[in-house]
>>> print(open('coords-v4.tsv').read())   # TSV, C-alpha atoms
chain	number	residue	atom	x	y	z
Z	1005	MET	CA	113.32	87.89	35.09
Z	1006	ASN	CA	110.31	85.64	34.36
Z	1007	LYS	CA	109.73	87.57	31.14
Z	1008	LEU	CA	113.33	86.94	30.07
Z	1009	ILE	CA	112.92	83.23	30.82
Z	1010	ARG	CA	109.75	83.07	28.69
Z	1011	ILE	CA	111.47	84.87	25.83
Z	1012	ALA	CA	114.45	82.51	26.04
Z	1013	ALA	CA	112.15	79.48	26.09
Z	1014	ALA	CA	110.21	80.75	23.08
Z	1015	LEU	CA	113.45	81.44	21.21
Z	1016	ALA	CA	114.71	77.94	22.02
Z	1017	LEU	CA	111.50	76.43	20.67
Z	1018	PHE	CA	111.77	78.53	17.51
Z	1019	VAL	CA	115.38	77.47	16.92
Z	1020	SER	CA	114.49	73.84	17.60
Z	1021	ALA	CA	111.57	73.97	15.16
Z	1022	ALA	CA	113.72	75.66	12.51
Z	1023	ALA	CA	116.43	73.03	12.88
Z	1024	SER	CA	113.85	70.26	12.72
Z	1025	ALA	CA	112.33	71.73	9.56
Z	1026	GLN	CA	115.75	72.09	7.97
Z	1027	ASP	CA	116.46	68.37	8.49
Z	1028	TYR	CA	112.98	67.32	7.41
Z	1029	PRO	CA	112.24	64.60	6.57
Z	1030	ALA	CA	114.59	62.43	8.59
Z	1031	LYS	CA	112.36	59.35	8.64
Z	1032	PRO	CA	109.32	57.85	6.87
Z	1033	ILE	CA	106.12	59.93	6.81
Z	1034	LEU	CA	102.68	58.57	7.69
Z	1035	PHE	CA	99.72	59.58	5.55
Z	1036	LEU	CA	96.72	58.73	7.73
Z	1037	MET	CA	93.70	57.81	5.62
Z	1038	PRO	CA	90.44	57.81	7.67
Z	1039	LEU	CA	88.62	55.91	4.89
Z	1040	GLN	CA	88.60	52.36	3.56
Z	1041	ALA	CA	91.30	50.89	1.35
Z	1042	GLY	CA	90.10	51.03	-2.23
Z	1043	SER	CA	87.94	54.11	-1.65
Z	1044	ALA	CA	88.26	57.01	-4.10
Z	1045	VAL	CA	90.37	59.13	-1.76
Z	1046	ASP	CA	92.58	56.12	-0.98
Z	1047	VAL	CA	93.23	55.46	-4.68
Z	1048	MET	CA	93.91	59.15	-5.29
Z	1049	VAL	CA	96.37	59.66	-2.45
Z	1050	ARG	CA	98.37	56.50	-3.18
Z	1051	ILE	CA	99.03	57.76	-6.71
Z	1052	VAL	CA	100.23	61.11	-5.37
Z	1053	ALA	CA	102.10	59.73	-2.34
Z	1054	GLU	CA	104.36	57.60	-4.50
Z	1055	LYS	CA	105.57	60.64	-6.44
Z	1056	MET	CA	105.85	62.81	-3.30
Z	1057	SER	CA	107.90	60.09	-1.63
Z	1058	ALA	CA	110.41	60.20	-4.46
Z	1059	GLY	CA	110.64	63.99	-4.19
Z	1060	LEU	CA	111.08	63.97	-0.43
Z	1061	GLY	CA	113.61	61.14	-0.48
Z	1062	ARG	CA	111.68	59.28	2.24
Z	1063	GLN	CA	109.02	56.62	2.20
Z	1064	ILE	CA	105.43	57.72	2.64
Z	1065	VAL	CA	103.32	55.04	4.32
Z	1066	VAL	CA	99.56	55.26	3.70
Z	1067	GLU	CA	97.64	53.80	6.65
Z	1068	ASN	CA	93.88	53.25	6.51
Z	1069	GLN	CA	91.88	53.83	9.68
Z	1070	PRO	CA	88.20	53.82	8.66
Z	1071	GLY	CA	85.32	54.18	11.07
Z	1072	ALA	CA	82.53	56.62	11.99
Z	1073	ALA	CA	82.57	58.06	8.44
Z	1074	GLY	CA	86.18	59.20	8.93
Z	1075	MET	CA	85.84	60.85	12.34
Z	1076	ILE	CA	88.11	58.35	14.14
Z	1077	GLY	CA	91.03	58.97	11.82
Z	1078	ALA	CA	90.39	62.72	11.71
Z	1079	GLU	CA	90.61	62.93	15.50
Z	1080	ARG	CA	93.83	60.91	15.48
Z	1081	VAL	CA	95.36	63.39	13.03
Z	1082	LYS	CA	94.27	66.26	15.28
Z	1083	ARG	CA	96.05	64.68	18.28
Z	1084	ALA	CA	99.23	63.64	16.44
Z	1085	ALA	CA	102.60	65.26	17.14
Z	1086	PRO	CA	102.99	68.42	15.01
Z	1087	ASP	CA	106.31	67.33	13.54
Z	1088	GLY	CA	105.37	66.65	9.91
Z	1089	TYR	CA	105.47	62.88	10.26
Z	1090	THR	CA	101.71	62.32	10.58
Z	1091	ILE	CA	99.72	63.89	7.75
Z	1092	GLY	CA	95.95	63.59	7.42
Z	1093	VAL	CA	94.20	62.81	4.15
Z	1094	LEU	CA	90.82	64.48	4.74
Z	1095	ASN	CA	88.05	64.84	2.18
Z	1096	ASP	CA	85.33	67.46	2.19
Z	1097	SER	CA	82.92	64.97	3.73
Z	1098	ILE	CA	85.03	64.90	6.91
Z	1099	LEU	CA	85.62	68.66	6.81
Z	1100	THR	CA	82.27	70.05	5.64
Z	1101	MET	CA	79.50	67.43	5.50
Z	1102	ILE	CA	79.69	65.37	8.67
Z	1103	PRO	CA	80.05	68.48	10.91
Z	1104	ASN	CA	76.68	69.65	9.55
Z	1105	VAL	CA	75.00	66.32	10.30
Z	1106	ARG	CA	76.31	65.36	13.74
Z	1107	PRO	CA	78.70	66.52	16.50
Z	1108	VAL	CA	82.34	65.84	15.60
Z	1109	PRO	CA	85.44	65.60	17.86
Z	1110	TYR	CA	87.39	68.17	15.85
Z	1111	ASP	CA	87.11	71.70	14.47
Z	1112	PRO	CA	87.37	71.46	10.65
Z	1113	VAL	CA	88.98	74.90	10.34
Z	1114	ASN	CA	91.01	75.42	13.52
Z	1115	ASP	CA	92.29	71.93	14.42
Z	1116	TYR	CA	94.40	71.43	11.29
Z	1117	VAL	CA	97.13	73.19	9.34
Z	1118	PRO	CA	96.28	72.97	5.62
Z	1119	ILE	CA	98.84	71.65	3.13
Z	1120	GLY	CA	96.85	71.63	-0.11
Z	1121	VAL	CA	93.88	70.28	-2.05
Z	1122	VAL	CA	94.96	67.13	-3.89
Z	1123	ALA	CA	92.21	66.56	-6.47
Z	1124	GLY	CA	88.50	66.60	-7.18
Z	1125	ILE	CA	86.34	63.47	-7.45
Z	1126	THR	CA	83.81	62.68	-10.19
Z	1127	TRP	CA	80.63	60.79	-9.21
Z	1128	VAL	CA	78.03	58.59	-10.89
Z	1129	LEU	CA	74.63	57.22	-9.85
Z	1130	VAL	CA	74.49	53.45	-10.34
Z	1131	ALA	CA	71.76	50.81	-10.01
Z	1132	ASN	CA	72.06	47.06	-9.67
Z	1133	ASN	CA	71.20	44.89	-12.65
Z	1134	ASP	CA	68.13	43.40	-10.96
Z	1135	LEU	CA	66.41	46.77	-10.84
Z	1136	PRO	CA	64.21	47.17	-13.96
Z	1137	VAL	CA	65.37	50.70	-14.81
Z	1138	LYS	CA	67.81	51.97	-17.42
Z	1139	SER	CA	67.73	55.71	-16.83
Z	1140	VAL	CA	67.36	58.31	-14.09
Z	1141	GLY	CA	63.85	59.07	-15.30
Z	1142	GLU	CA	62.85	55.42	-15.07
Z	1143	LEU	CA	64.39	55.16	-11.59
Z	1144	VAL	CA	62.44	58.19	-10.36
Z	1145	ALA	CA	59.17	56.88	-11.80
Z	1146	TYR	CA	59.79	53.39	-10.40
Z	1147	ALA	CA	60.71	54.73	-6.94
Z	1148	LYS	CA	57.64	56.94	-6.75
Z	1149	THR	CA	55.40	53.89	-7.05
Z	1150	ARG	CA	57.39	52.09	-4.32
Z	1151	PRO	CA	58.17	54.64	-1.60
Z	1152	GLY	CA	60.36	53.12	1.11
Z	1153	ARG	CA	60.79	49.83	-0.75
Z	1154	LEU	CA	64.09	50.65	-2.46
Z	1155	ASP	CA	67.45	50.88	-0.66
Z	1156	TYR	CA	70.58	52.90	-1.24
Z	1157	SER	CA	73.99	52.37	0.32
Z	1158	SER	CA	76.54	54.86	1.59
Z	1159	GLY	CA	79.89	54.99	3.36
Z	1160	GLY	CA	78.18	56.15	6.55
Z	1161	VAL	CA	76.08	58.96	7.96
Z	1162	GLY	CA	77.30	62.27	6.56
Z	1163	SER	CA	79.40	60.60	3.87
Z	1164	PRO	CA	79.35	61.99	0.30
Z	1165	GLN	CA	77.19	59.06	-0.83
Z	1166	HIS	CA	74.67	59.75	1.93
Z	1167	VAL	CA	74.43	63.51	1.40
Z	1168	ALA	CA	74.32	63.17	-2.40
Z	1169	MET	CA	71.48	60.66	-2.32
Z	1170	GLU	CA	69.46	62.62	0.22
Z	1171	ALA	CA	69.85	65.70	-1.96
Z	1172	PHE	CA	68.76	63.61	-4.98
Z	1173	LYS	CA	65.68	62.42	-3.06
Z	1174	ALA	CA	64.79	66.01	-2.22
Z	1175	ALA	CA	65.28	67.11	-5.84
Z	1176	THR	CA	63.15	64.30	-7.31
Z	1177	GLY	CA	60.49	63.79	-4.65
Z	1178	THR	CA	61.46	60.16	-4.11
Z	1179	TYR	CA	62.10	58.09	-1.01
Z	1180	PHE	CA	64.82	55.46	-0.68
Z	1181	VAL	CA	65.87	53.73	2.57
Z	1182	HIS	CA	69.42	54.54	3.68
Z	1183	ILE	CA	71.74	51.59	4.36
Z	1184	PRO	CA	74.95	53.01	5.91
Z	1185	TYR	CA	78.18	51.01	5.73
Z	1186	ARG	CA	81.54	51.45	7.44
Z	1187	GLY	CA	83.06	52.58	4.16
Z	1188	ALA	CA	82.27	53.44	0.55
Z	1189	THR	CA	84.01	50.45	-1.02
Z	1190	GLN	CA	81.73	47.79	0.48
Z	1191	ALA	CA	78.74	50.06	-0.03
Z	1192	ALA	CA	79.45	50.05	-3.77
Z	1193	LEU	CA	80.23	46.34	-3.93
Z	1194	ASP	CA	76.88	45.43	-2.41
Z	1195	VAL	CA	75.09	47.26	-5.21
Z	1196	ILE	CA	77.18	45.37	-7.74
Z	1197	SER	CA	76.24	42.08	-6.03
Z	1198	ASN	CA	72.53	43.07	-6.08
Z	1199	GLN	CA	72.24	43.38	-2.29
Z	1200	VAL	CA	71.27	47.07	-2.50
Z	1201	GLN	CA	69.42	48.84	-5.30
Z	1202	VAL	CA	71.19	52.18	-5.90
Z	1203	HIS	CA	74.29	54.10	-4.89
Z	1204	PHE	CA	76.17	57.31	-5.65
Z	1205	SER	CA	79.76	56.23	-6.26
Z	1206	ALA	CA	83.05	57.79	-7.20
Z	1207	VAL	CA	83.77	56.82	-10.80
Z	1208	SER	CA	87.12	55.36	-9.73
Z	1209	ILE	CA	85.41	52.61	-7.73
Z	1210	VAL	CA	82.70	51.44	-10.14
Z	1211	ARG	CA	84.00	52.17	-13.61
Z	1212	PRO	CA	85.46	48.65	-14.16
Z	1213	TYR	CA	82.13	47.11	-13.10
Z	1214	ILE	CA	80.20	49.45	-15.40
Z	1215	SER	CA	82.44	48.45	-18.30
Z	1216	ALA	CA	81.94	44.76	-17.46
Z	1217	GLY	CA	78.16	45.17	-17.36
Z	1218	ARG	CA	77.93	44.21	-13.68
Z	1219	VAL	CA	76.26	47.46	-12.61
Z	1220	ARG	CA	74.25	50.04	-14.54
Z	1221	ALA	CA	75.33	53.71	-14.73
Z	1222	LEU	CA	72.33	56.06	-14.83
Z	1223	GLY	CA	73.75	59.58	-14.65
Z	1224	VAL	CA	76.70	61.74	-13.65
Z	1225	PRO	CA	75.99	64.69	-11.32
Z	1226	SER	CA	78.32	67.12	-13.08
Z	1227	ALA	CA	77.99	69.97	-15.58
Z	1228	LYS	CA	79.50	67.89	-18.39
Z	1229	ARG	CA	79.65	64.20	-19.21
Z	1230	SER	CA	82.64	62.33	-17.85
Z	1231	PRO	CA	85.23	61.45	-20.52
Z	1232	LEU	CA	85.51	58.09	-18.77
Z	1233	LEU	CA	81.75	57.47	-19.18
Z	1234	PRO	CA	80.90	59.33	-22.41
Z	1235	ASN	CA	77.63	57.46	-22.94
Z	1236	VAL	CA	76.26	58.28	-19.48
Z	1237	PRO	CA	74.14	61.47	-19.43
Z	1238	THR	CA	74.49	64.28	-16.93
Z	1239	MET	CA	71.71	64.68	-14.37
Z	1240	ALA	CA	70.47	67.72	-16.28
Z	1241	GLU	CA	70.28	65.69	-19.47
Z	1242	ALA	CA	68.54	62.92	-17.53
Z	1243	GLY	CA	65.78	65.21	-16.29
Z	1244	VAL	CA	67.12	66.55	-12.97
Z	1245	PRO	CA	68.28	70.08	-13.87
Z	1246	GLY	CA	70.57	71.88	-11.46
Z	1247	PHE	CA	71.61	68.73	-9.60
Z	1248	GLU	CA	75.42	68.58	-9.44
Z	1249	TRP	CA	77.74	66.77	-7.04
Z	1250	GLN	CA	81.53	66.85	-7.03
Z	1251	THR	CA	83.89	66.54	-4.07
Z	1252	TRP	CA	87.56	66.98	-3.19
Z	1253	ALA	CA	90.29	65.71	-0.86
Z	1254	SER	CA	93.17	67.46	0.86
Z	1255	LEU	CA	96.31	66.99	2.92
Z	1256	VAL	CA	96.42	68.56	6.40
Z	1257	ALA	CA	98.77	68.51	9.39
Z	1258	PRO	CA	98.22	68.89	13.16
Z	1259	VAL	CA	98.17	72.43	14.54
Z	1260	GLY	CA	101.67	73.56	15.46
Z	1261	THR	CA	103.43	71.93	12.50
Z	1262	PRO	CA	106.28	74.29	11.52
Z	1263	LYS	CA	105.57	76.43	8.48
Z	1264	PRO	CA	108.76	75.37	6.62
Z	1265	ILE	CA	107.60	71.74	6.83
Z	1266	VAL	CA	104.13	72.66	5.55
Z	1267	GLU	CA	105.70	74.62	2.69
Z	1268	ARG	CA	107.98	71.70	1.80
Z	1269	LEU	CA	105.06	69.28	1.72
Z	1270	ASN	CA	102.99	71.69	-0.35
Z	1271	ALA	CA	105.83	72.13	-2.83
Z	1272	GLU	CA	106.15	68.36	-3.24
Z	1273	LEU	CA	102.37	67.97	-3.57
Z	1274	VAL	CA	102.20	70.60	-6.33
Z	1275	LYS	CA	105.21	69.10	-8.08
Z	1276	ALA	CA	103.66	65.63	-7.94
Z	1277	ILE	CA	100.29	66.83	-9.25
Z	1278	ASN	CA	101.95	68.68	-12.12
Z	1279	SER	CA	104.01	65.69	-13.24
Z	1280	PRO	CA	102.55	64.20	-16.45
Z	1281	ASP	CA	102.49	60.61	-15.22
Z	1282	VAL	CA	100.59	61.46	-12.03
Z	1283	ARG	CA	98.10	63.67	-13.87
Z	1284	GLU	CA	97.49	60.90	-16.38
Z	1285	LYS	CA	96.83	58.35	-13.64
Z	1286	LEU	CA	94.53	60.69	-11.74
Z	1287	VAL	CA	92.46	61.56	-14.81
Z	1288	ALA	CA	92.28	57.90	-15.83
Z	1289	ASN	CA	90.72	57.14	-12.43
Z	1290	GLY	CA	88.10	59.88	-12.60
Z	1291	PHE	CA	89.92	62.56	-10.62
Z	1292	GLU	CA	90.51	66.23	-11.42
Z	1293	PRO	CA	94.13	67.12	-10.53
Z	1294	ILE	CA	94.34	70.31	-8.44
Z	1295	GLY	CA	97.44	70.61	-6.21
Z	1296	SER	CA	96.51	73.91	-4.54
Z	1297	ARG	CA	98.22	76.25	-2.11
Z	1298	PRO	CA	97.46	75.64	1.62
Z	1299	GLU	CA	95.07	78.57	1.95
Z	1300	THR	CA	92.72	76.99	-0.62
Z	1301	VAL	CA	91.93	74.19	1.83
Z	1302	THR	CA	90.87	76.71	4.47
Z	1303	GLN	CA	88.75	78.72	2.05
Z	1304	TRP	CA	87.06	75.66	0.53
Z	1305	THR	CA	86.39	74.29	4.00
Z	1306	ARG	CA	84.78	77.53	5.17
Z	1307	ASP	CA	82.73	77.80	1.98
Z	1308	GLY	CA	81.80	74.12	2.10
Z	1309	LEU	CA	80.59	74.30	5.69
Z	1310	LYS	CA	78.17	77.08	4.73
Z	1311	ARG	CA	77.04	75.39	1.51
Z	1312	MET	CA	76.55	71.98	3.10
Z	1313	LYS	CA	74.56	73.50	5.93
Z	1314	GLY	CA	72.01	74.53	3.33
Z	1315	VAL	CA	72.13	71.18	1.50
Z	1316	VAL	CA	71.64	69.25	4.75
Z	1317	ALA	CA	68.77	71.51	5.83
Z	1318	ARG	CA	66.95	71.35	2.48
Z	1319	ALA	CA	67.29	67.58	2.30
Z	1320	GLY	CA	66.36	67.10	5.97
Z	1321	ILE	CA	69.46	65.00	6.65
Z	1322	LYS	CA	69.83	63.88	10.27
Z	1323	ALA	CA	72.19	61.61	12.19
Z	1324	GLU	CA	70.75	58.10	12.40
>>> encode(input="coords-v4.tsv", output="structure tokens")
Amino acid sequence: MNKLIRIAAALALFVSAAASAQDYPAKPILFLMPLQAGSAVDVMVRIVAEKMSAGLGRQIVVENQPGAAGMIGAERVKRAAPDGYTIGVLNDSILTMIPNVRPVPYDPVNDYVPIGVVAGITWVLVANNDLPVKSVGELVAYAKTRPGRLDYSSGGVGSPQHVAMEAFKAATGTYFVHIPYRGATQAALDVISNQVQVHFSAVSIVRPYISAGRVRALGVPSAKRSPLLPNVPTMAEAGVPGFEWQTWASLVAPVGTPKPIVERLNAELVKAINSPDVREKLVANGFEPIGSRPETVTQWTRDGLKRMKGVVARAGIKAE
């Protein structure tokens, strides 16, 4: 009798979930962004969310909840109701970097249902205009004569800016003092205002300031030059061979979110990414449009956790 009751209860839940998915979405959807407004991932997801909203026929509200390098927002996504109305916007820092640097209140692989990778992010190393260097080579030489006297800013411990710069230090034999911020936007702005010397930034954040001459671009950590910064050499061209740094961001849902809802969101994500106007906006902001299937998020997270474990170990990165 108890077995029959359990079967009936499970069937009722299945029918309820199916009905809920069929009516989805019946109200606005929250995209929870665990990073600062104006950050690269924030800019990226707002471009995509607008198009997805039109496809879903419901408003998508992007809410920023920065703090602890994204861990606060990531935990909130984990604990949200699995009904498709709270979706997390998690980058690979939250999923693969921070867990290798410090304990986190979530399991990057098992606490989320993947929806899809949104896009990749292009980076650039910048220096403030007060620093008497005009190239990566000059920066390395200058830093080596002043160990511990130059600062760099990041969006927090375990953030992409932090891990990238520590890896750069390890690759060049230099030493810069880490100044962690509560988000990447202010970390970049303080380099532009000459409060901090150097910073790895997403191109989307600093490109206008580079064009205006308010901050100096030294090198891009990618295999090829960025079409948005054609005069800025790659790290290999600048004398740091093999040093590359590119990141990505994804959409995820709480565990238990019905598969039909996940599939609907993935379909709208892919459709948005493949629309010419969205692709144009993403590329113009230094992003690489991707729009993957859900399983790509899981695979990239697993691979990233292993890869970042090695990066963190080689660079000697520790929680501060």
>>> closest_residue(input="coords-v4.tsv", among="Z:Ser1205, Z:Thr1090, Z:Gln1190, Z:Thr1100", to="Z:Lys1310", atoms="all atoms listed in the file")
Z:Thr1100
>>> atom_distance(input="coords-v4.tsv", atom1="atom CA of Z:Val1236", atom2="atom CA of Z:Asp1096")
25.2 Å
>>> atom_distance(input="coords-v4.tsv", atom1="atom CA of Z:Leu1193", atom2="atom CA of Z:Pro1136")
18.9 Å
>>> closest_atom_pairs(input="coords-v4.tsv", of="stretch 1040-1063 of chain Z", to="stretch 1249-1258 of chain Z", cutoff="9 Å", atoms="only C-alpha atoms", output="JSON lines")
{"residue": "Z:Val1045", "atom": "CA", "partner": "Z:Ala1253", "partner_atom": "CA", "distance": 6.6}
{"residue": "Z:Met1048", "atom": "CA", "partner": "Z:Ala1253", "partner_atom": "CA", "distance": 8.7}
{"residue": "Z:Val1049", "atom": "CA", "partner": "Z:Ala1253", "partner_atom": "CA", "distance": 8.7}
>>> write_last_selection(input="coords-v4.tsv", atoms="C-alpha atoms", output="compact mmCIF listing (two decimals), in the frame of the given file")
# COMPACT_ATOMS: atom_id res chain seq x y z
CA VAL Z 1045 90.37 59.13 -1.76
CA MET Z 1048 93.91 59.15 -5.29
CA VAL Z 1049 96.37 59.66 -2.45
>>> closest_residue(input="coords-v4.tsv", among="Z:Tyr1179, Z:Arg1318, Z:Asn1235, Z:Leu1099", to="Z:Ser1215", atoms="all atoms listed in the file")
Z:Asn1235
>>> decode(input="coords-v4.tsv", residues="stretch 1181-1205 of chain Z", atoms="N, CA, C and O atoms", output="PDB file, in the first residue's frame")
ATOM      1  N   VAL Z1181      51.514  43.575  -6.023  1.00  0.00           N
ATOM      2  CA  VAL Z1181      50.665  43.429  -4.840  1.00  0.00           C
ATOM      3  C   VAL Z1181      49.200  43.402  -5.272  1.00  0.00           C
ATOM      4  O   VAL Z1181      48.749  44.272  -6.018  1.00  0.00           O
ATOM      5  N   HIS Z1182      48.461  42.419  -4.796  1.00  0.00           N
ATOM      6  CA  HIS Z1182      47.056  42.252  -5.157  1.00  0.00           C
ATOM      7  C   HIS Z1182      46.172  43.186  -4.337  1.00  0.00           C
ATOM      8  O   HIS Z1182      46.203  43.175  -3.106  1.00  0.00           O
ATOM      9  N   ILE Z1183      45.328  43.953  -5.031  1.00  0.00           N
ATOM     10  CA  ILE Z1183      44.327  44.804  -4.387  1.00  0.00           C
ATOM     11  C   ILE Z1183      42.947  44.298  -4.818  1.00  0.00           C
ATOM     12  O   ILE Z1183      42.465  44.612  -5.908  1.00  0.00           O
ATOM     13  N   PRO Z1184      42.299  43.454  -3.997  1.00  0.00           N
ATOM     14  CA  PRO Z1184      40.986  42.913  -4.388  1.00  0.00           C
ATOM     15  C   PRO Z1184      39.860  43.914  -4.137  1.00  0.00           C
ATOM     16  O   PRO Z1184      39.847  44.613  -3.125  1.00  0.00           O
ATOM     17  N   TYR Z1185      38.922  43.970  -5.066  1.00  0.00           N
ATOM     18  CA  TYR Z1185      37.737  44.817  -4.949  1.00  0.00           C
ATOM     19  C   TYR Z1185      36.502  43.927  -4.835  1.00  0.00           C
ATOM     20  O   TYR Z1185      36.584  42.715  -4.955  1.00  0.00           O
ATOM     21  N   ARG Z1186      35.359  44.550  -4.651  1.00  0.00           N
ATOM     22  CA  ARG Z1186      34.103  43.800  -4.561  1.00  0.00           C
ATOM     23  C   ARG Z1186      33.500  43.541  -5.941  1.00  0.00           C
ATOM     24  O   ARG Z1186      32.429  42.966  -6.064  1.00  0.00           O
ATOM     25  N   GLY Z1187      34.197  43.966  -6.972  1.00  0.00           N
ATOM     26  CA  GLY Z1187      33.724  43.733  -8.328  1.00  0.00           C
ATOM     27  C   GLY Z1187      34.719  44.256  -9.338  1.00  0.00           C
ATOM     28  O   GLY Z1187      35.561  45.105  -9.034  1.00  0.00           O
ATOM     29  N   ALA Z1188      34.621  43.737 -10.577  1.00  0.00           N
ATOM     30  CA  ALA Z1188      35.600  44.063 -11.607  1.00  0.00           C
ATOM     31  C   ALA Z1188      35.469  45.485 -12.130  1.00  0.00           C
ATOM     32  O   ALA Z1188      36.455  46.081 -12.568  1.00  0.00           O
ATOM     33  N   THR Z1189      34.260  46.043 -12.106  1.00  0.00           N
ATOM     34  CA  THR Z1189      34.060  47.371 -12.683  1.00  0.00           C
ATOM     35  C   THR Z1189      34.875  48.422 -11.941  1.00  0.00           C
ATOM     36  O   THR Z1189      35.629  49.196 -12.557  1.00  0.00           O
ATOM     37  N   GLN Z1190      34.746  48.480 -10.618  1.00  0.00           N
ATOM     38  CA  GLN Z1190      35.502  49.459  -9.845  1.00  0.00           C
ATOM     39  C   GLN Z1190      36.991  49.167  -9.889  1.00  0.00           C
ATOM     40  O   GLN Z1190      37.816  50.087  -9.884  1.00  0.00           O
ATOM     41  N   ALA Z1191      37.347  47.891  -9.968  1.00  0.00           N
ATOM     42  CA  ALA Z1191      38.756  47.516 -10.060  1.00  0.00           C
ATOM     43  C   ALA Z1191      39.388  48.106 -11.313  1.00  0.00           C
ATOM     44  O   ALA Z1191      40.544  48.560 -11.292  1.00  0.00           O
ATOM     45  N   ALA Z1192      38.647  48.104 -12.407  1.00  0.00           N
ATOM     46  CA  ALA Z1192      39.147  48.687 -13.653  1.00  0.00           C
ATOM     47  C   ALA Z1192      39.165  50.212 -13.583  1.00  0.00           C
ATOM     48  O   ALA Z1192      40.127  50.857 -14.025  1.00  0.00           O
ATOM     49  N   LEU Z1193      38.125  50.785 -13.019  1.00  0.00           N
ATOM     50  CA  LEU Z1193      38.036  52.245 -12.956  1.00  0.00           C
ATOM     51  C   LEU Z1193      39.163  52.856 -12.126  1.00  0.00           C
ATOM     52  O   LEU Z1193      39.631  53.962 -12.418  1.00  0.00           O
ATOM     53  N   ASP Z1194      39.614  52.148 -11.113  1.00  0.00           N
ATOM     54  CA  ASP Z1194      40.685  52.694 -10.282  1.00  0.00           C
ATOM     55  C   ASP Z1194      42.050  52.638 -10.965  1.00  0.00           C
ATOM     56  O   ASP Z1194      42.973  53.358 -10.580  1.00  0.00           O
ATOM     57  N   VAL Z1195      42.189  51.808 -11.975  1.00  0.00           N
ATOM     58  CA  VAL Z1195      43.400  51.862 -12.807  1.00  0.00           C
ATOM     59  C   VAL Z1195      43.310  53.075 -13.728  1.00  0.00           C
ATOM     60  O   VAL Z1195      44.286  53.813 -13.910  1.00  0.00           O
ATOM     61  N   ILE Z1196      42.140  53.281 -14.284  1.00  0.00           N
ATOM     62  CA  ILE Z1196      41.919  54.420 -15.182  1.00  0.00           C
ATOM     63  C   ILE Z1196      42.147  55.738 -14.455  1.00  0.00           C
ATOM     64  O   ILE Z1196      42.689  56.704 -15.017  1.00  0.00           O
ATOM     65  N   SER Z1197      41.782  55.793 -13.156  1.00  0.00           N
ATOM     66  CA  SER Z1197      41.962  57.020 -12.374  1.00  0.00           C
ATOM     67  C   SER Z1197      43.325  57.071 -11.678  1.00  0.00           C
ATOM     68  O   SER Z1197      43.547  57.900 -10.793  1.00  0.00           O
ATOM     69  N   ASN Z1198      44.228  56.167 -12.074  1.00  0.00           N
ATOM     70  CA  ASN Z1198      45.616  56.152 -11.574  1.00  0.00           C
ATOM     71  C   ASN Z1198      45.736  55.831 -10.086  1.00  0.00           C
ATOM     72  O   ASN Z1198      46.723  56.209  -9.454  1.00  0.00           O
ATOM     73  N   GLN Z1199      44.759  55.106  -9.540  1.00  0.00           N
ATOM     74  CA  GLN Z1199      44.842  54.669  -8.145  1.00  0.00           C
ATOM     75  C   GLN Z1199      45.605  53.349  -8.013  1.00  0.00           C
ATOM     76  O   GLN Z1199      46.181  53.053  -6.978  1.00  0.00           O
ATOM     77  N   VAL Z1200      45.564  52.549  -9.077  1.00  0.00           N
ATOM     78  CA  VAL Z1200      46.234  51.251  -9.121  1.00  0.00           C
ATOM     79  C   VAL Z1200      47.016  51.203 -10.428  1.00  0.00           C
ATOM     80  O   VAL Z1200      46.613  51.810 -11.424  1.00  0.00           O
ATOM     81  N   GLN Z1201      48.126  50.446 -10.441  1.00  0.00           N
ATOM     82  CA  GLN Z1201      48.999  50.485 -11.614  1.00  0.00           C
ATOM     83  C   GLN Z1201      48.523  49.633 -12.796  1.00  0.00           C
ATOM     84  O   GLN Z1201      48.492  50.108 -13.930  1.00  0.00           O
ATOM     85  N   VAL Z1202      48.187  48.350 -12.559  1.00  0.00           N
ATOM     86  CA  VAL Z1202      47.855  47.474 -13.682  1.00  0.00           C
ATOM     87  C   VAL Z1202      46.632  46.614 -13.368  1.00  0.00           C
ATOM     88  O   VAL Z1202      46.251  46.444 -12.206  1.00  0.00           O
ATOM     89  N   HIS Z1203      46.073  46.031 -14.439  1.00  0.00           N
ATOM     90  CA  HIS Z1203      44.822  45.283 -14.277  1.00  0.00           C
ATOM     91  C   HIS Z1203      44.559  44.469 -15.532  1.00  0.00           C
ATOM     92  O   HIS Z1203      44.754  44.953 -16.652  1.00  0.00           O
ATOM     93  N   PHE Z1204      44.143  43.213 -15.375  1.00  0.00           N
ATOM     94  CA  PHE Z1204      43.609  42.440 -16.492  1.00  0.00           C
ATOM     95  C   PHE Z1204      42.123  42.728 -16.550  1.00  0.00           C
ATOM     96  O   PHE Z1204      41.396  42.488 -15.581  1.00  0.00           O
ATOM     97  N   SER Z1205      41.658  43.214 -17.694  1.00  0.00           N
ATOM     98  CA  SER Z1205      40.249  43.596 -17.823  1.00  0.00           C
ATOM     99  C   SER Z1205      39.617  42.964 -19.048  1.00  0.00           C
ATOM    100  O   SER Z1205      40.280  42.716 -20.057  1.00  0.00           O
TER     101      SER Z1205
END
